[in-house]
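Here's run.cif, which has mmCIF, C-alpha atoms and all ligand atoms:
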```
data_structure
loop_
_atom_site.label_atom_id
_atom_site.label_comp_id
_atom_site.auth_asym_id
_atom_site.auth_seq_id
_atom_site.Cartn_x
_atom_site.Cartn_y
_atom_site.Cartn_z
CA MET A 1 13.29 -15.15 13.21
CA ARG A 2 9.82 -14.72 11.84
CA GLN A 3 9.40 -14.76 8.09
CA THR A 4 8.54 -11.44 6.46
CA LEU A 5 4.83 -11.43 5.67
CA ARG A 6 4.08 -11.17 1.95
CA VAL A 7 0.50 -11.90 0.99
CA ARG A 8 -2.15 -11.04 -1.55
CA VAL A 9 -5.65 -10.20 -0.41
CA SER A 10 -8.77 -9.18 -2.25
CA GLY A 11 -9.33 -5.76 -0.77
CA LEU A 12 -8.17 -3.06 1.58
CA LEU A 13 -10.41 -4.33 4.36
CA ASP A 14 -8.76 -7.76 4.15
CA VAL A 15 -5.31 -6.39 4.93
CA PRO A 16 -4.26 -8.37 8.03
CA LEU A 17 -3.58 -5.35 10.22
CA GLU A 18 -3.66 -7.28 13.51
CA ASP A 19 -1.20 -9.81 12.17
CA LEU A 20 1.14 -7.08 10.93
CA ALA A 21 0.99 -5.28 14.27
CA ALA A 22 1.66 -8.56 16.09
CA ARG A 23 4.75 -9.01 13.92
CA GLY A 24 6.15 -5.71 15.07
CA VAL A 25 5.05 -3.58 12.14
CA LYS A 26 4.63 0.04 13.25
CA ALA A 27 3.76 1.78 9.99
CA LEU A 28 2.30 1.09 6.55
CA LEU A 29 3.47 2.59 3.30
CA LEU A 30 0.24 3.01 1.41
CA ASP A 31 -0.12 3.20 -2.33
CA LEU A 32 -2.75 5.68 -3.42
CA ASP A 33 -4.22 4.91 -6.86
CA ASN A 34 -6.31 1.77 -7.03
CA THR A 35 -5.34 0.93 -3.45
CA LEU A 36 -6.86 3.75 -1.40
CA CYS A 37 -8.78 5.52 -4.13
CA ASP A 38 -9.90 5.77 -7.73
CA PRO A 39 -6.95 6.89 -9.91
CA ARG A 40 -9.25 9.18 -11.84
CA GLY A 41 -11.20 10.45 -8.91
CA ASP A 42 -10.45 13.04 -6.30
CA LEU A 43 -12.44 11.57 -3.46
CA LEU A 44 -11.50 9.06 -0.80
CA PRO A 45 -13.99 6.21 -0.57
CA ALA A 46 -15.48 5.28 2.79
CA GLU A 47 -13.43 2.09 2.66
CA ALA A 48 -10.18 4.08 2.72
CA LEU A 49 -11.39 6.13 5.66
CA SER A 50 -12.43 3.09 7.69
CA PHE A 51 -9.18 1.33 6.81
CA CYS A 52 -7.18 4.26 8.17
CA ALA A 53 -9.36 4.44 11.27
CA ARG A 54 -8.74 0.73 11.95
CA MET A 55 -5.04 1.26 11.37
CA GLU A 56 -5.01 4.04 13.92
CA GLU A 57 -6.92 1.95 16.46
CA LEU A 58 -4.18 -0.64 16.24
CA GLY A 59 -1.51 1.99 16.76
CA LEU A 60 -0.22 1.69 13.20
CA ARG A 61 1.02 4.80 11.43
CA GLY A 62 0.43 5.43 7.75
CA TYR A 63 2.48 7.05 5.02
CA VAL A 64 1.25 7.57 1.47
CA LEU A 65 3.86 6.57 -1.11
CA SER A 66 2.56 7.32 -4.59
CA ASN A 67 4.06 7.35 -8.05
CA GLY A 68 1.37 9.85 -8.96
CA PRO A 69 1.95 13.52 -9.59
CA ARG A 70 2.57 16.08 -6.89
CA GLY A 71 -0.45 17.96 -5.61
CA ARG A 72 -3.20 15.38 -5.84
CA ALA A 73 -1.39 12.78 -3.71
CA GLU A 74 -0.51 15.34 -1.04
CA ARG A 75 -4.08 16.64 -1.01
CA LEU A 76 -5.61 13.18 -0.57
CA ALA A 77 -3.00 12.17 2.03
CA ALA A 78 -3.74 15.35 3.96
CA GLN A 79 -7.42 14.39 4.04
CA LEU A 80 -6.33 11.21 5.79
CA GLY A 81 -3.95 13.12 8.03
CA LEU A 82 -1.01 11.19 6.61
CA PRO A 83 2.44 12.24 5.42
CA CYS A 84 3.10 11.65 1.74
CA THR A 85 5.73 11.31 -0.94
CA SER A 86 4.46 11.69 -4.49
CA ARG A 87 6.38 10.92 -7.70
CA ALA A 88 7.98 8.16 -5.66
CA ARG A 89 9.30 6.20 -8.66
CA LYS A 90 8.50 2.85 -7.05
CA PRO A 91 10.04 0.26 -7.27
CA LEU A 92 13.22 2.36 -6.98
CA ARG A 93 14.47 2.62 -3.43
CA GLY A 94 14.93 6.36 -3.00
CA ALA A 95 11.42 7.22 -1.84
CA TYR A 96 11.24 4.15 0.42
CA ARG A 97 14.41 5.29 2.16
CA ARG A 98 13.03 8.78 2.48
CA ALA A 99 9.79 7.48 3.98
CA LEU A 100 11.67 5.28 6.46
CA GLY A 101 13.80 8.26 7.43
CA GLU A 102 10.76 10.45 7.99
CA LEU A 103 9.05 7.73 10.01
CA GLY A 104 12.24 7.02 11.95
CA LEU A 105 11.74 3.29 11.38
CA THR A 106 13.70 0.40 9.90
CA THR A 107 12.41 -1.88 7.11
CA GLU A 108 11.42 -4.58 9.63
CA ALA A 109 8.95 -2.19 11.24
CA VAL A 110 7.25 -1.19 8.00
CA ALA A 111 4.93 -2.97 5.54
CA ALA A 112 3.92 -1.84 2.08
CA VAL A 113 0.31 -2.00 0.89
CA GLY A 114 -0.37 -1.60 -2.82
CA ASP A 115 -2.10 -2.98 -5.88
CA GLN A 116 0.67 -3.35 -8.46
CA PHE A 117 3.31 -6.04 -8.60
CA LEU A 118 5.74 -4.11 -10.77
CA THR A 119 5.84 -1.08 -8.50
CA ASP A 120 4.48 -1.88 -5.03
CA ALA A 121 5.53 -5.52 -4.70
CA LEU A 122 8.92 -5.23 -6.39
CA GLY A 123 9.67 -2.14 -4.34
CA ALA A 124 8.77 -3.79 -1.05
CA ILE A 125 10.64 -7.00 -1.88
CA GLY A 126 13.68 -4.98 -2.97
CA MET A 127 13.62 -3.21 0.37
CA GLY A 128 13.14 -6.46 2.32
CA MET A 129 9.83 -5.22 3.60
CA ALA A 130 6.57 -6.95 4.41
CA LEU A 131 3.98 -6.63 1.68
CA VAL A 132 0.24 -6.83 1.28
CA LEU A 133 -0.84 -6.78 -2.35
CA VAL A 134 -4.48 -5.87 -2.85
CA GLU A 135 -6.61 -6.34 -5.96
CA PRO A 136 -6.79 -3.10 -7.96
CA ARG A 137 -9.87 -1.43 -6.59
CA PHE A 138 -11.27 0.64 -9.41
CA ALA A 139 -9.90 -0.63 -12.74
CA ARG A 140 -9.76 2.84 -14.23
CA ASP A 141 -6.04 2.82 -14.79
CA LYS A 142 -4.02 5.60 -16.29
CA PRO A 143 -2.57 4.62 -19.71
CA LEU A 144 0.88 3.44 -18.58
CA VAL A 145 -0.51 1.34 -15.75
CA LYS A 146 -3.12 -0.11 -18.08
CA LEU A 147 -0.38 -1.22 -20.44
CA ALA A 148 1.44 -3.06 -17.64
CA ARG A 149 -1.64 -4.76 -16.17
CA PRO A 150 -1.54 -8.01 -18.19
CA VAL A 151 2.04 -8.65 -17.03
CA ASP A 152 1.12 -7.56 -13.54
CA ARG A 153 -1.80 -9.99 -13.44
CA VAL A 154 0.55 -12.90 -14.14
CA LEU A 155 3.33 -11.82 -11.80
CA ARG A 156 1.08 -11.06 -8.84
CA ARG A 157 0.28 -14.78 -8.61
CA LEU A 158 3.80 -15.19 -7.21
CA ILE A 159 2.49 -13.67 -3.99
CA PRO A 160 0.36 -16.21 -2.09
CA GLN A 161 -3.27 -15.26 -1.72
CA VAL A 162 -4.71 -15.28 1.75
CA PRO A 163 -8.36 -16.20 1.68
CA GLN A 164 -9.97 -14.22 4.43
CA PRO A 165 -13.63 -13.57 4.82
CA ARG A 166 -14.34 -9.85 4.54
CA LYS A 167 -15.21 -8.30 7.85
CA SER A 168 -18.29 -6.20 7.82
CA GLY A 169 -18.44 -2.82 9.52
MG MG B 201 -1.67 1.73 -7.40
#
```
Mind turning the file's structure into structure tokens?
Amino acid sequence: MRQTLRVRVSGLLDVPLEDLAARGVKALLLDLDNTLCDPRGDLLPAEALSFCARMEELGLRGYVLSNGPRGRAERLAAQLGLPCTSRARKPLRGAYRRALGELGLTTEAVAAVGDQFLTDALGAIGMGMALVLVEPRFARDKPLVKLARPVDRVLRRLIPQVPQPRKSG
């Protein structure tokens, strides 16, 4: 059996979507803040839009799984045309199970994409899921996340970095 893919990449556009699809992944659980967008902003950057377009081209579905408050997460997910669970309480398993249920998929067919070790990576590992950890995109963390960042920066090194040249366009 193939080993579950768990890698760290520098940005959203370095997420190895083709590789994930080739491994039988059908859907991605996407973190919102600092992965897809600025935690203090209400706009989706072009990068997030092109990422989702590439995902779609490869036949991968997306699902926004955010620890952020209700309302904003749903609004941003809707802009991407994606289902969403907010206040997910990652790394706890409840919201992951709910997302899998809604997607009608098992853990083997799903990969998590996020920027924080303590929530996104621990959650995915706890669920036995593939994981792609991205570098936090905007560095404008909310207070609690900011507090956890130094620990996160050390722990994230446990996930092997995949050096991949960024694709343009
Ligand atoms: Mg995040």
>> To one decimal place in Å, what is the distance between atom CA of Gly24 of chain A and atom CA of Gly68 of chain A?
In response: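 Result for atom CA of Gly24 of chain A versus atom CA of Gly68 of chain A: 29.0 Å, one decimal.
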> So what do you get for atom CA of Pro91 of chain A versus atom CA of Arg54 of chain A, distance-wise?
Replying inline: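 Calculated distance between atom CA of Pro91 of chain A and atom CA of Arg54 of chain A is 26.9 Å.
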Give me, as an mmCIF file with C-alpha atoms, in the coordinates of the input, all polymer residues having an atom no more than 6 Å from Gln161 of chain A, counting all atoms listed in the file and skipping those fewer than 5 positions away in the same chain.
```
data_model
loop_
_atom_site.group_PDB
_atom_site.id
_atom_site.type_symbol
_atom_site.label_atom_id
_atom_site.label_comp_id
_atom_site.auth_asym_id
_atom_site.auth_seq_id
_atom_site.Cartn_x
_atom_site.Cartn_y
_atom_site.Cartn_z
ATOM 1 C CA VAL A 7 0.500 -11.900 0.990
ATOM 2 C CA ARG A 8 -2.150 -11.040 -1.550
ATOM 3 C CA VAL A 9 -5.650 -10.200 -0.410
#
```
Using only C-alpha atoms and all ligand atoms, which residues have at least one atom no more than 9 Å from ligand MG 201 (chain B)? Output them as a short mmCIF file (atom, residue, chain, number, x, y, z; two decimals) with C-alpha atoms, keeping the file's coordinate frame.
```cif
data_model
loop_
_atom_site.label_atom_id
_atom_site.label_comp_id
_atom_site.auth_asym_id
_atom_site.auth_seq_id
_atom_site.Cartn_x
_atom_site.Cartn_y
_atom_site.Cartn_z
CA ASP A 31 -0.12 3.20 -2.33
CA LEU A 32 -2.75 5.68 -3.42
CA ASP A 33 -4.22 4.91 -6.86
CA ASN A 34 -6.31 1.77 -7.03
CA THR A 35 -5.34 0.93 -3.45
CA LEU A 36 -6.86 3.75 -1.40
CA CYS A 37 -8.78 5.52 -4.13
CA PRO A 39 -6.95 6.89 -9.91
CA SER A 66 2.56 7.32 -4.59
CA ASN A 67 4.06 7.35 -8.05
CA GLY A 68 1.37 9.85 -8.96
CA GLY A 114 -0.37 -1.60 -2.82
CA ASP A 115 -2.10 -2.98 -5.88
CA GLN A 116 0.67 -3.35 -8.46
CA THR A 119 5.84 -1.08 -8.50
CA ASP A 120 4.48 -1.88 -5.03
CA PRO A 136 -6.79 -3.10 -7.96
CA ARG A 137 -9.87 -1.43 -6.59
CA ASP A 141 -6.04 2.82 -14.79
CA VAL A 145 -0.51 1.34 -15.75
#
```
> For Leu80 of chain A, which residue out of A:Glu108, A:Leu30, A:Ala121, A:Gly126 is the nearest one, using only C-alpha atoms?
Replying inline: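 When distances to Leu80 of chain A are compared using only C-alpha atoms, the smallest one comes from A:Leu30.
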>> Counting all atoms listed in the file, which residue out of A:Met55, A:Leu20, A:Ala46, A:Val162 sits closest to Gln3 of chain A?
In response: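 Nearest candidate to Gln3 of chain A out of A:Met55, A:Leu20, A:Ala46, A:Val162: A:Leu20.
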>> Using Å and a single decimal, report how far atom CA of Arg87 of chain A sits from atom CA of Val25 of chain A.
In response: 24.6 Å
> Neighbours of Arg98 of chain A within 12 Å (only C-alpha atoms; same-chain residues fewer than 2 positions away dropped), as a ChimeraX atom specification?
Replying inline: /A:29,63-65,83-86,88,92-96,100-107
>> I'd like to know which of A:Arg75, A:Phe51, A:Met127, A:Phe138 is closest to Val15 of chain A, using all atoms listed in the file.
In response: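 Using all atoms listed in the file, Val15 of chain A sits closest to A:Phe51.
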> Which is closer to Pro16 of chain A than all the others in A:Leu144, A:Arg89, A:Val134, A:Asp152, using all atoms listed in the file?
Replying inline: A:Val134
> Which residue, A:Ala130, A:Asp38, A:Ala148, A:Ala73, has the smallest gap to Arg23 of chain A when you use only C-alpha atoms?
Replying inline: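 Using only C-alpha atoms, Arg23 of chain A sits closest to A:Ala130.
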> If you count all atoms listed in the file, which residues fall within 10 Å of Gly128 of chain A, apart from same-chain ones fewer than 5 positions away, as a list in words?
Replying inline: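 Result of the neighbour search: Thr4, Thr107, Glu108, Val110, Ala111, Leu122 and Gly123 of chain A.
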>> Using only C-alpha atoms, can you tell me which of A:Ile125, A:Gln79, A:Ile159, A:Arg40 comes closest to Pro143 of chain A?
In response: A:Arg40
